[in-house]
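Shown below: query-v7.txt, with compact mmCIF, C-alpha atoms and all ligand atoms.
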```txt
# COMPACT_ATOMS: atom_id res chain seq x y z
CA MET A 98 -18.87 27.46 -11.46
CA ILE A 99 -15.96 25.08 -10.78
CA SER A 100 -15.13 22.58 -13.52
CA ILE A 101 -13.88 19.15 -12.46
CA ALA A 102 -12.04 16.45 -14.40
CA LEU A 103 -12.94 13.27 -12.51
CA ILE A 104 -10.55 10.37 -13.03
CA GLY A 105 -12.03 7.05 -11.88
CA SER A 106 -15.70 8.09 -12.08
CA THR A 107 -17.15 4.57 -11.98
CA GLY A 108 -15.43 3.50 -8.76
CA SER A 109 -16.55 3.75 -5.16
CA ILE A 110 -15.05 7.24 -4.68
CA GLY A 111 -15.96 8.36 -8.21
CA ARG A 112 -19.64 7.54 -7.75
CA GLN A 113 -19.69 9.52 -4.50
CA VAL A 114 -18.04 12.48 -6.25
CA CYS A 115 -20.93 12.29 -8.76
CA SER A 116 -23.38 12.33 -5.90
CA VAL A 117 -21.79 15.51 -4.42
CA VAL A 118 -21.68 17.25 -7.82
CA GLY A 119 -25.31 16.22 -8.42
CA ARG A 120 -26.25 17.89 -5.12
CA TYR A 121 -24.73 21.24 -6.17
CA PRO A 122 -25.22 21.61 -9.95
CA ASP A 123 -25.06 25.42 -9.62
CA LYS A 124 -21.52 25.22 -8.15
CA PHE A 125 -19.84 22.32 -9.93
CA ARG A 126 -19.82 20.70 -13.33
CA PHE A 127 -17.68 17.99 -14.89
CA SER A 128 -15.44 19.10 -17.71
CA ALA A 129 -14.46 15.45 -18.15
CA LEU A 130 -15.32 12.02 -16.85
CA VAL A 131 -12.67 9.29 -17.08
CA ALA A 132 -12.79 5.60 -16.15
CA ARG A 133 -11.16 2.38 -17.34
CA GLY A 134 -13.75 0.11 -18.97
CA ASN A 135 -17.02 -0.08 -17.04
CA ARG A 136 -19.01 1.18 -20.02
CA GLU A 137 -22.52 0.70 -18.64
CA VAL A 138 -22.06 2.74 -15.43
CA PHE A 139 -19.91 5.24 -17.32
CA LEU A 140 -22.50 5.94 -20.02
CA SER A 141 -25.22 6.51 -17.42
CA GLN A 142 -22.93 9.06 -15.70
CA VAL A 143 -22.20 10.73 -19.04
CA SER A 144 -25.88 11.04 -19.93
CA ARG A 145 -26.63 12.52 -16.50
CA PHE A 146 -23.75 15.03 -16.28
CA ARG A 147 -22.98 15.81 -19.94
CA PRO A 148 -19.22 16.52 -19.55
CA ARG A 149 -17.38 18.04 -22.52
CA ARG A 150 -15.18 14.94 -22.71
CA ALA A 151 -15.74 11.29 -21.78
CA VAL A 152 -12.78 8.90 -21.84
CA LEU A 153 -12.47 5.18 -21.14
CA THR A 154 -8.82 4.21 -21.02
CA GLN A 155 -9.39 0.64 -22.23
CA GLU A 156 -9.09 0.56 -26.01
CA GLY A 157 -12.23 -0.71 -27.76
CA SER A 158 -14.57 0.40 -24.97
CA PHE A 159 -16.69 2.56 -27.28
CA ALA A 160 -16.68 0.13 -30.21
CA GLY A 161 -19.67 0.82 -32.45
CA MET A 162 -20.45 4.22 -30.91
CA PRO A 163 -20.21 7.63 -32.64
CA SER A 164 -17.30 9.83 -31.45
CA ALA A 165 -19.62 12.61 -30.20
CA ILE A 166 -23.18 12.62 -28.85
CA ASP A 167 -25.05 15.80 -27.83
CA GLY A 168 -21.85 17.82 -27.45
CA VAL A 169 -19.93 15.12 -25.50
CA LEU A 170 -16.70 14.07 -27.15
CA PHE A 171 -15.92 10.36 -26.59
CA SER A 172 -12.41 8.94 -26.80
CA GLU A 173 -10.28 6.03 -25.58
CA GLY A 174 -6.82 5.54 -24.11
CA GLU A 175 -4.67 7.06 -21.38
CA GLU A 176 -3.27 9.85 -23.57
CA ASN A 177 -6.76 11.25 -24.03
CA ALA A 178 -7.52 10.79 -20.33
CA LEU A 179 -4.41 12.78 -19.40
CA GLU A 180 -5.27 15.50 -21.91
CA CYS A 181 -8.62 16.11 -20.14
CA ILE A 182 -6.72 17.43 -17.12
CA GLU A 183 -5.39 20.35 -19.17
CA ASP A 184 -8.86 21.89 -19.29
CA CYS A 185 -10.38 21.94 -15.78
CA ASP A 186 -10.23 23.87 -12.51
CA VAL A 187 -9.90 20.80 -10.26
CA ALA A 188 -8.43 17.39 -11.12
CA PHE A 189 -10.14 14.84 -8.88
CA VAL A 190 -7.91 11.76 -8.94
CA ALA A 191 -9.98 8.77 -7.79
CA ALA A 192 -8.48 6.08 -10.04
CA SER A 193 -7.21 3.02 -8.20
CA GLY A 194 -3.64 1.78 -8.01
CA PHE A 195 -0.25 2.95 -9.28
CA ALA A 196 -2.06 4.18 -12.42
CA GLY A 197 -3.30 7.16 -10.36
CA LEU A 198 0.20 8.63 -10.05
CA LYS A 199 0.47 9.74 -13.66
CA TYR A 200 -2.82 11.68 -13.43
CA SER A 201 -1.69 13.43 -10.24
CA LEU A 202 1.63 14.39 -11.85
CA LYS A 203 -0.21 15.70 -14.90
CA ALA A 204 -2.50 17.82 -12.68
CA ILE A 205 0.55 19.27 -10.94
CA ALA A 206 2.35 19.93 -14.23
CA CYS A 207 -0.76 21.78 -15.46
CA GLY A 208 -0.97 23.86 -12.26
CA LYS A 209 -4.43 22.54 -11.29
CA ARG A 210 -5.92 22.10 -7.85
CA LEU A 211 -5.52 18.41 -7.06
CA ALA A 212 -8.23 16.68 -5.01
CA LEU A 213 -6.37 13.49 -4.14
CA ALA A 214 -8.16 10.26 -3.25
CA ASN A 215 -5.66 7.92 -4.95
CA LYS A 216 -3.31 6.67 -2.22
CA GLU A 217 -0.68 5.23 -4.44
CA THR A 218 0.25 8.73 -5.65
CA LEU A 219 1.90 9.62 -2.32
CA VAL A 220 2.83 6.11 -1.20
CA CYS A 221 4.83 5.50 -4.39
CA GLY A 222 5.78 8.99 -5.48
CA GLY A 223 5.54 11.13 -2.33
CA GLY A 224 8.98 12.75 -2.70
CA LEU A 225 8.51 13.62 -6.36
CA VAL A 226 4.88 14.70 -5.97
CA MET A 227 5.46 16.98 -2.97
CA ARG A 228 8.55 18.53 -4.56
CA GLU A 229 6.74 19.28 -7.81
CA ALA A 230 3.59 20.48 -6.01
CA ALA A 231 5.67 22.90 -3.91
CA ARG A 232 7.57 24.13 -6.96
CA ARG A 233 4.33 24.83 -8.84
CA GLY A 234 2.43 26.16 -5.78
CA ILE A 235 -0.27 23.50 -6.18
CA ASP A 236 -3.29 23.33 -3.90
CA LEU A 237 -3.12 19.63 -2.96
CA VAL A 238 -6.25 18.67 -1.06
CA PRO A 239 -6.51 15.33 0.75
CA VAL A 240 -9.69 13.28 0.29
CA ASP A 241 -8.98 10.11 2.28
CA SER A 242 -11.11 10.41 5.46
CA GLU A 243 -8.13 10.26 7.86
CA HIS A 244 -6.14 12.88 5.98
CA SER A 245 -9.16 15.09 5.54
CA ALA A 246 -9.72 14.81 9.32
CA LEU A 247 -6.11 15.88 10.05
CA TRP A 248 -6.38 18.72 7.55
CA GLN A 249 -9.62 19.90 9.16
CA ALA A 250 -8.09 19.74 12.66
CA LEU A 251 -5.17 21.81 11.30
CA HIS A 252 -7.68 24.41 10.02
CA PHE A 253 -7.06 23.49 6.37
CA ASP A 254 -3.36 24.32 6.72
CA ARG A 255 -1.12 21.32 6.02
CA ARG A 256 1.91 23.30 7.25
CA ALA A 257 0.46 24.26 10.65
CA PRO A 258 2.49 23.08 13.67
CA PHE A 259 1.42 20.00 15.66
CA GLU A 260 2.85 17.60 18.20
CA GLN A 261 1.33 14.33 17.00
CA LEU A 262 -0.90 13.05 14.20
CA ILE A 263 -3.18 10.28 15.49
CA LEU A 264 -4.69 8.18 12.71
CA THR A 265 -7.71 6.08 13.55
CA ALA A 266 -8.37 2.63 12.11
CA SER A 267 -11.59 0.61 12.27
CA GLY A 268 -9.43 -2.50 12.73
CA GLY A 269 -11.13 -4.09 9.71
CA PRO A 270 -13.28 -7.23 9.71
CA PHE A 271 -10.66 -9.38 11.47
CA TYR A 272 -9.67 -7.34 14.51
CA GLY A 273 -8.98 -9.73 17.41
CA LYS A 274 -8.42 -12.83 15.24
CA SER A 275 -5.31 -14.93 15.79
CA LYS A 276 -2.76 -15.69 13.06
CA ALA A 277 -4.17 -19.23 12.75
CA GLU A 278 -7.71 -17.94 12.33
CA LEU A 279 -6.53 -15.42 9.74
CA ALA A 280 -4.99 -18.21 7.66
CA ALA A 281 -8.49 -19.62 7.09
CA VAL A 282 -10.43 -16.47 6.14
CA THR A 283 -12.03 -16.29 2.68
CA VAL A 284 -12.24 -13.55 0.05
CA ARG A 285 -15.90 -13.09 0.97
CA ASP A 286 -15.11 -12.59 4.67
CA THR A 287 -12.38 -10.12 3.72
CA LEU A 288 -14.65 -8.01 1.51
CA ARG A 289 -17.19 -7.58 4.32
CA HIS A 290 -15.83 -4.39 5.91
CA PRO A 291 -17.56 -3.39 9.15
CA THR A 292 -17.89 0.38 8.56
CA TRP A 293 -16.94 1.38 4.97
CA GLN A 294 -18.13 0.42 1.45
CA MET A 295 -15.08 0.67 -0.82
CA GLY A 296 -13.41 -0.81 -3.89
CA ALA A 297 -12.06 -4.39 -3.54
CA LYS A 298 -8.33 -3.52 -3.34
CA ILE A 299 -8.62 -1.02 -0.51
CA THR A 300 -11.10 -3.27 1.31
CA VAL A 301 -8.53 -6.08 1.38
CA ASP A 302 -5.84 -3.57 2.43
CA SER A 303 -8.08 -2.46 5.29
CA ALA A 304 -8.32 -6.07 6.47
CA THR A 305 -4.54 -6.64 6.34
CA LEU A 306 -3.86 -3.12 7.76
CA LEU A 307 -1.63 -2.38 4.76
CA ASN A 308 -4.05 0.49 4.15
CA LYS A 309 -3.23 2.01 7.55
CA GLY A 310 0.48 1.66 6.83
CA PHE A 311 -0.11 3.49 3.51
CA GLU A 312 -1.88 6.24 5.42
CA VAL A 313 1.11 6.69 7.73
CA ILE A 314 3.34 7.17 4.66
CA GLU A 315 0.83 9.61 3.14
CA ALA A 316 0.67 11.56 6.44
CA LYS A 317 4.44 11.91 6.42
CA TRP A 318 4.32 13.60 3.02
CA LEU A 319 1.14 15.63 3.43
CA TYR A 320 2.01 17.08 6.83
CA ASP A 321 5.81 16.90 6.64
CA ALA A 322 5.72 14.68 9.73
CA PRO A 323 8.54 12.45 10.98
CA PHE A 324 7.30 8.87 11.56
CA SER A 325 7.95 9.37 15.29
CA LYS A 326 5.10 11.91 15.37
CA ILE A 327 2.51 9.65 13.69
CA ARG A 328 0.45 7.21 15.79
CA THR A 329 -2.39 4.84 14.96
CA VAL A 330 -5.23 3.78 17.24
CA VAL A 331 -8.24 1.54 16.60
CA GLN A 332 -11.67 3.17 16.85
CA PRO A 333 -14.00 0.37 15.82
CA THR A 334 -17.11 2.34 14.78
CA SER A 335 -15.27 4.87 12.54
CA ILE A 336 -16.89 7.91 14.16
CA VAL A 337 -13.55 9.60 14.95
CA HIS A 338 -11.77 9.95 11.61
CA SER A 339 -8.40 11.06 13.06
CA MET A 340 -6.97 13.52 15.57
CA VAL A 341 -4.21 16.10 15.94
CA ALA A 342 -2.41 16.69 19.24
CA PHE A 343 -0.80 20.09 19.89
CA ALA A 344 2.11 21.34 22.02
CA ASP A 345 -0.16 22.28 24.93
CA GLY A 346 -1.44 18.69 25.21
CA SER A 347 -4.86 19.36 23.71
CA VAL A 348 -6.24 17.14 20.97
CA LEU A 349 -8.69 18.02 18.17
CA ALA A 350 -10.71 15.16 16.67
CA GLN A 351 -12.88 15.27 13.58
CA MET A 352 -16.04 13.18 13.89
CA SER A 353 -19.03 12.18 11.79
CA TYR A 354 -20.90 9.06 10.85
CA PRO A 355 -18.70 7.24 8.31
CA THR A 356 -19.23 8.49 4.76
CA MET A 357 -16.73 9.60 2.13
CA GLU A 358 -19.15 12.24 0.87
CA VAL A 359 -18.10 14.71 3.59
CA PRO A 360 -14.35 14.68 2.78
CA ILE A 361 -15.16 14.63 -0.95
CA GLN A 362 -17.48 17.63 -0.67
CA LEU A 363 -15.07 19.51 1.58
CA ALA A 364 -12.22 19.00 -0.89
CA LEU A 365 -14.38 20.91 -3.38
CA THR A 366 -15.93 23.59 -1.14
CA TYR A 367 -13.35 24.35 1.60
CA PRO A 368 -13.08 26.58 3.55
CA ASP A 369 -16.89 26.64 3.24
CA ARG A 370 -18.97 23.84 4.70
CA LEU A 371 -22.24 23.18 2.88
CA PRO A 372 -25.08 20.80 3.84
CA SER A 373 -24.28 17.23 2.84
CA GLY A 374 -27.46 15.47 3.89
CA LEU A 375 -25.55 13.74 6.71
CA GLN A 376 -27.09 13.61 10.20
CA ILE A 377 -25.07 14.94 13.13
CA PRO A 378 -24.04 11.97 15.32
CA ASP A 379 -26.47 11.20 18.13
CA PHE A 380 -23.83 10.89 20.86
CA ALA A 381 -26.23 9.80 23.59
CA ALA A 382 -27.42 6.95 21.35
CA LEU A 383 -23.82 6.02 20.46
CA GLY A 384 -23.15 5.64 24.18
CA GLU A 385 -19.42 5.19 23.95
CA ILE A 386 -16.58 5.82 21.54
CA ARG A 387 -13.90 3.22 22.26
CA PHE A 388 -10.20 3.31 21.45
CA LEU A 389 -8.10 0.14 21.28
CA PRO A 390 -4.49 -0.62 20.43
CA LEU A 391 -3.53 -1.70 16.92
CA GLU A 392 -2.65 -5.41 16.73
CA ARG A 393 0.65 -5.32 14.94
CA LYS A 394 1.71 -8.96 15.41
CA ALA A 395 -1.25 -10.58 13.68
CA PHE A 396 -1.24 -7.96 10.91
CA PRO A 397 2.38 -7.66 9.72
CA CYS A 398 1.50 -5.52 6.68
CA TYR A 399 1.31 -2.44 8.90
CA ASP A 400 4.90 -2.81 10.09
CA LEU A 401 6.09 -3.77 6.59
CA ALA A 402 4.67 -0.47 5.32
CA LEU A 403 6.33 1.50 8.11
CA THR A 404 9.67 -0.20 7.46
CA ALA A 405 9.43 0.52 3.73
CA GLY A 406 8.44 4.11 4.53
CA GLU A 407 11.40 4.56 6.82
CA MET A 408 13.80 2.97 4.32
CA GLY A 409 12.57 5.51 1.77
CA ASP A 410 13.87 5.81 -1.83
CA GLY A 411 12.09 3.19 -3.99
CA TYR A 412 10.96 0.91 -1.13
CA PRO A 413 7.43 2.32 -0.63
CA CYS A 414 6.85 1.99 -4.38
CA ALA A 415 8.05 -1.63 -4.29
CA LEU A 416 5.80 -2.23 -1.27
CA ASN A 417 2.82 -0.99 -3.25
CA GLY A 418 3.67 -2.94 -6.42
CA ALA A 419 4.09 -6.15 -4.41
CA GLY A 420 0.85 -5.39 -2.55
CA GLU A 421 -1.14 -4.83 -5.75
CA ALA A 422 0.10 -8.12 -7.23
CA ALA A 423 -0.48 -10.07 -3.99
CA VAL A 424 -3.97 -8.67 -3.39
CA HIS A 425 -5.05 -9.41 -6.96
CA ALA A 426 -3.75 -12.98 -6.56
CA PHE A 427 -5.72 -13.26 -3.30
CA LEU A 428 -8.90 -11.95 -4.98
CA ARG A 429 -8.43 -14.53 -7.77
CA GLY A 430 -8.13 -17.29 -5.17
CA GLN A 431 -4.46 -18.00 -5.97
CA ILE A 432 -3.11 -17.31 -2.46
CA GLY A 433 -4.52 -17.18 1.06
CA PHE A 434 -4.94 -14.06 3.21
CA THR A 435 -1.79 -14.45 5.29
CA ARG A 436 0.32 -15.00 2.14
CA ILE A 437 -0.24 -11.35 1.17
CA ALA A 438 2.15 -10.15 3.88
CA GLU A 439 4.64 -12.94 3.15
CA VAL A 440 4.77 -12.03 -0.55
CA ILE A 441 5.29 -8.34 0.23
CA GLU A 442 8.04 -9.11 2.75
CA GLU A 443 9.84 -11.38 0.29
CA VAL A 444 9.62 -8.81 -2.51
CA LEU A 445 11.01 -6.08 -0.23
CA SER A 446 13.90 -8.32 0.78
CA ARG A 447 14.73 -8.83 -2.93
CA THR A 448 14.49 -5.11 -3.75
CA PRO A 449 17.78 -3.25 -4.20
CA ARG A 450 18.00 0.38 -3.06
CA VAL A 451 17.08 2.54 -6.03
CA ARG A 452 16.49 6.27 -6.02
CA ALA A 453 12.96 7.23 -6.97
CA ASP A 454 13.32 10.81 -8.15
CA ASP A 455 11.37 10.67 -11.38
CA TYR A 456 8.31 8.99 -12.84
CA GLU A 457 10.28 6.62 -15.08
CA SER A 458 12.29 5.23 -12.13
CA LEU A 459 9.07 4.71 -10.18
CA CYS A 460 7.52 2.81 -13.12
CA GLU A 461 10.59 0.58 -13.26
CA ILE A 462 10.49 -0.11 -9.49
CA ASP A 463 6.75 -0.86 -9.71
CA ARG A 464 7.21 -3.18 -12.70
CA ARG A 465 10.07 -5.03 -11.01
CA ALA A 466 8.20 -5.47 -7.71
CA ARG A 467 5.15 -6.88 -9.50
CA GLY A 468 7.38 -9.24 -11.46
CA GLU A 469 9.06 -10.50 -8.28
CA ALA A 470 5.67 -10.95 -6.60
CA VAL A 471 4.32 -12.95 -9.54
CA LYS A 472 7.43 -15.19 -9.43
CA ILE A 473 7.05 -15.75 -5.68
CA ILE A 474 3.34 -16.52 -5.98
CA GLY A 475 3.95 -18.84 -8.93
CA ASN A 476 6.73 -20.73 -7.14
CA GLY A 477 4.82 -20.95 -3.89
CA VAL A 478 7.97 -19.82 -2.01
P1 LIG A 501 -12.56 1.28 -7.21
O1 LIG A 501 -11.87 0.02 -7.56
O2 LIG A 501 -13.96 1.23 -6.69
O3 LIG A 501 -12.58 2.24 -8.50
C1 LIG A 501 -11.44 2.50 -9.25
C2 LIG A 501 -11.77 3.48 -10.35
O4 LIG A 501 -10.58 3.75 -11.11
C3 LIG A 501 -12.77 2.96 -11.38
O5 LIG A 501 -13.53 4.05 -11.87
C4 LIG A 501 -11.88 2.40 -12.49
O6 LIG A 501 -12.56 2.33 -13.73
C5 LIG A 501 -10.81 3.48 -12.50
N1 LIG A 501 -9.54 3.12 -13.10
C6 LIG A 501 -8.76 2.02 -12.85
N2 LIG A 501 -7.63 2.09 -13.58
C7 LIG A 501 -7.67 3.26 -14.28
C8 LIG A 501 -6.81 3.89 -15.20
N3 LIG A 501 -5.64 3.33 -15.58
N4 LIG A 501 -7.17 5.10 -15.70
C9 LIG A 501 -8.35 5.68 -15.35
N5 LIG A 501 -9.21 5.12 -14.48
C10 LIG A 501 -8.88 3.92 -13.96
O7 LIG A 501 -11.60 2.05 -6.20
P2 LIG A 501 -11.99 3.06 -5.02
O8 LIG A 501 -12.94 4.09 -5.52
O9 LIG A 501 -12.32 2.31 -3.79
O10 LIG A 501 -10.58 3.74 -4.73
C11 LIG A 501 -9.99 4.67 -5.62
C12 LIG A 501 -8.73 5.25 -4.96
O11 LIG A 501 -9.12 6.01 -3.80
C13 LIG A 501 -7.74 4.19 -4.45
O12 LIG A 501 -6.43 4.67 -4.58
C14 LIG A 501 -8.10 4.05 -2.97
O13 LIG A 501 -7.02 3.61 -2.19
C15 LIG A 501 -8.49 5.49 -2.63
N6 LIG A 501 -9.41 5.61 -1.50
C16 LIG A 501 -10.64 4.99 -1.54
C17 LIG A 501 -11.53 5.10 -0.48
C18 LIG A 501 -12.90 4.50 -0.55
O14 LIG A 501 -13.71 4.75 0.35
N7 LIG A 501 -13.23 3.73 -1.57
C19 LIG A 501 -11.16 5.84 0.73
C20 LIG A 501 -9.87 6.48 0.65
C21 LIG A 501 -9.03 6.36 -0.42
P3 LIG A 501 -13.47 1.01 -14.16
O15 LIG A 501 -14.57 0.92 -13.11
O16 LIG A 501 -14.01 1.39 -15.48
O17 LIG A 501 -12.56 -0.17 -14.12
MG MG A 502 -8.69 5.97 4.94
```
Now, as a test, write the supplied structure out as structure tokens.
Ligand code: NDP
Ligand code: MG
Amino acid sequence: MISIALIGSTGSIGRQVCSVVGRYPDKFRFSALVARGNREVFLSQVSRFRPRRAVLTQEGSFAGMPSAIDGVLFSEGEENALECIEDCDVAFVAASGFAGLKYSLKAIACGKRLALANKETLVCGGGLVMREAARRGIDLVPVDSEHSALWQALHFDRRAPFEQLILTASGGPFYGKSKAELAAVTVRDTLRHPTWQMGAKITVDSATLLNKGFEVIEAKWLYDAPFSKIRTVVQPTSIVHSMVAFADGSVLAQMSYPTMEVPIQLALTYPDRLPSGLQIPDFAALGEIRFLPLERKAFPCYDLALTAGEMGDGYPCALNGAGEAAVHAFLRGQIGFTRIAEVIEEVLSRTPRVRADDYESLCEIDRRARGEAVKIIGNGV
């Protein structure tokens, strides 16, 4: 029986982790469930899975409730959430945003297997995280569908040799639109992703292609790949989740209908593959699997991410902080879609080179980038 501390249980990934664990109650159980403040969904998960600990990080979330019910200990705040990681076999980090980094670092410090969905962990803290994970001999398992696909094509060995990593992108809801058309898109249009159901932040990032840029940075860290060996291609139906090319010119692709449940389940069961309820693709019915070039001009966030990745040090962390502030402003209706890239670019140009070797420096870079973004958005410059 493997015990899992799930951080971010009420989110899009978290709910799918619950679905996988519910499918195999004889193999997995939750030692802890953690979310931020969505009390209603959280309490229904707690009553179904009965973890030993249940934590909402927002203070006051359990107001009026007893501190323990039927053997489940309830508590609030990030300190308690972090403490849950001390007592599990696998830390499944599915919280959103920069906040995910501290949970990943805690899992590494505690020597736990880390099932990593949270992107910001490697985008912001890749150098620190990979160094500490190597030092502690941590089993760091990718969950994002592209990175799971690469890992599968590399036979679950992130250090295996390859010639090229080829990430696929759906292209998002706006593939083919001109810059002028993009200036007029709404929040509603942006949240209508063609192939994936995800949280709001990553859905917007998929539309701007910032998400794909993040995935290039993550690939660099996970597979120790120079940027020159990482490519991106559009595959509009999200059947091919990514590919690895080898020295002999052959390419292995990982395919399935799009669902996060397969990479989530595999992160918990590998090297075994268990039934997931997913149908095998009907290739004759699919007819064709098309590949198209990425449109970099209309979607500058992709190149901004690559530039920040190549500049290294604190720049990817500043990129993320600026992106989080800009996307939240977009979702609140404060700025338009094309302003997201402009805000990020402006923040990066105002960011001095700062080394990002420890968690405190990363927090400072993140805080500064958000502050700059808020100023830029407020001033309208
Ligand atoms: P959601 O917004 O749907 O969910 C976020 C989850 O994190 C919620 O449970 C939220 O709690 C919780 N949370 C937020 N802040 C904190 C905090 N400080 N401490 C603990 N929990 C917190 O996001 P997604 O599930 O879409 O994405 C989660 C992560 O996985 C992101 O980094 C994303 O980039 C990555 N990812 C997502 C994919 C997807 O298909 N959705 C695919 C690949 C990667 P509450 O609901 O209570 O606010
Ligand atoms: Mg992805």
Counting all atoms listed in the file, which residues of segment 249-339 of chain A sit at most 9 Å from some atom of segment 426-433 of chain A, and what is each one's closest atom pair with its distance in Å to one decimal, listed by chain and rising residue number, as a tab-separated table?
```
residue	atom	partner	partner_atom	distance
A:Ala280	CA	A:Gly433	CA	6.7
A:Ala281	CA	A:Gly433	CA	7.6
A:Val282	CA	A:Gly433	CA	7.8
A:Thr283	CA	A:Gly433	CA	7.7
A:Val284	CA	A:Leu428	CA	6.2
A:Ala297	CA	A:Leu428	CA	8.3
A:Lys298	CA	A:Leu428	CA	8.6
A:Val301	CA	A:Leu428	CA	8.7
```
Exercise answer, 6 Å around ligand MG 502 (chain A) with all atoms listed in the file, as a list in words
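Checking all atoms listed in the file against ligand MG 502 (chain A) at 6 Å gives Asp241, Ser242 and Glu243 of chain A.
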Show me which residues line ligand LIG 501 (chain A), defined as having an atom within 9 Å of a ligand atom where all atoms listed in the file count, and present them as JSON, numbers by chain.
{"A": [104, 105, 106, 107, 108, 109, 110, 111, 112, 113, 131, 132, 133, 134, 135, 136, 138, 139, 152, 153, 154, 155, 174, 175, 178, 179, 190, 191, 192, 193, 194, 195, 196, 197, 200, 213, 214, 215, 216, 217, 218, 240, 241, 242, 243, 293, 294, 295, 296, 297, 298, 299, 300, 302, 308, 311, 356, 357]}
Excluding same-chain residues fewer than 2 positions from Phe271 of chain A, what lies within 9 Å of it counting all atoms listed in the file, as a count of residues only?
11
Name all residues at most 12 Å from segment 318-323 of chain A (count all atoms listed in the file; drop same-chain ones fewer than 4 positions away) and give them as a ChimeraX atom specification.
/A:213,216,218-228,230-231,236-241,243-245,247-248,250-251,253-263,311-314,327-328,341,403,406-407,409
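Distance check against Ala395 of chain A using all atoms listed in the file: of A:Lys203, A:Arg465, A:Lys276, A:His425, the minimum falls on A:Lys276.
For the set A:Leu391, A:Val337, A:Val331, A:Leu103, the residue with the smallest atom-to-atom gap to Ile182 of chain A is A:Leu103, counting only C-alpha atoms.
A straight line drawn from atom CA of Thr435 of chain A to atom CA of Phe388 of chain A is 25.4 Å long.
Pairwise distance (atom CA of Arg370 of chain A, atom CA of Val118 of chain A) equals 14.4 Å.
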Please identify all polymer residues within 10 Å of Phe171 of chain A, counting only C-alpha atoms, omitting same-chain residues fewer than 6 positions from it, and present them as a ChimeraX atom specification.
/A:129-130,143,148-153,159,162-165,177
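Atom pair atom CA of Thr329 of chain A / atom CA of Ala266 of chain A: separated by 7.0 Å.
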Taking into account all atoms listed in the file, which residue in the set A:Ala470, A:Ala344, A:Ile205, A:Ser303 is nearest to Ala422 of chain A?
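Once distances to Ala422 of chain A are computed over all atoms listed in the file, the minimum belongs to A:Ala470.
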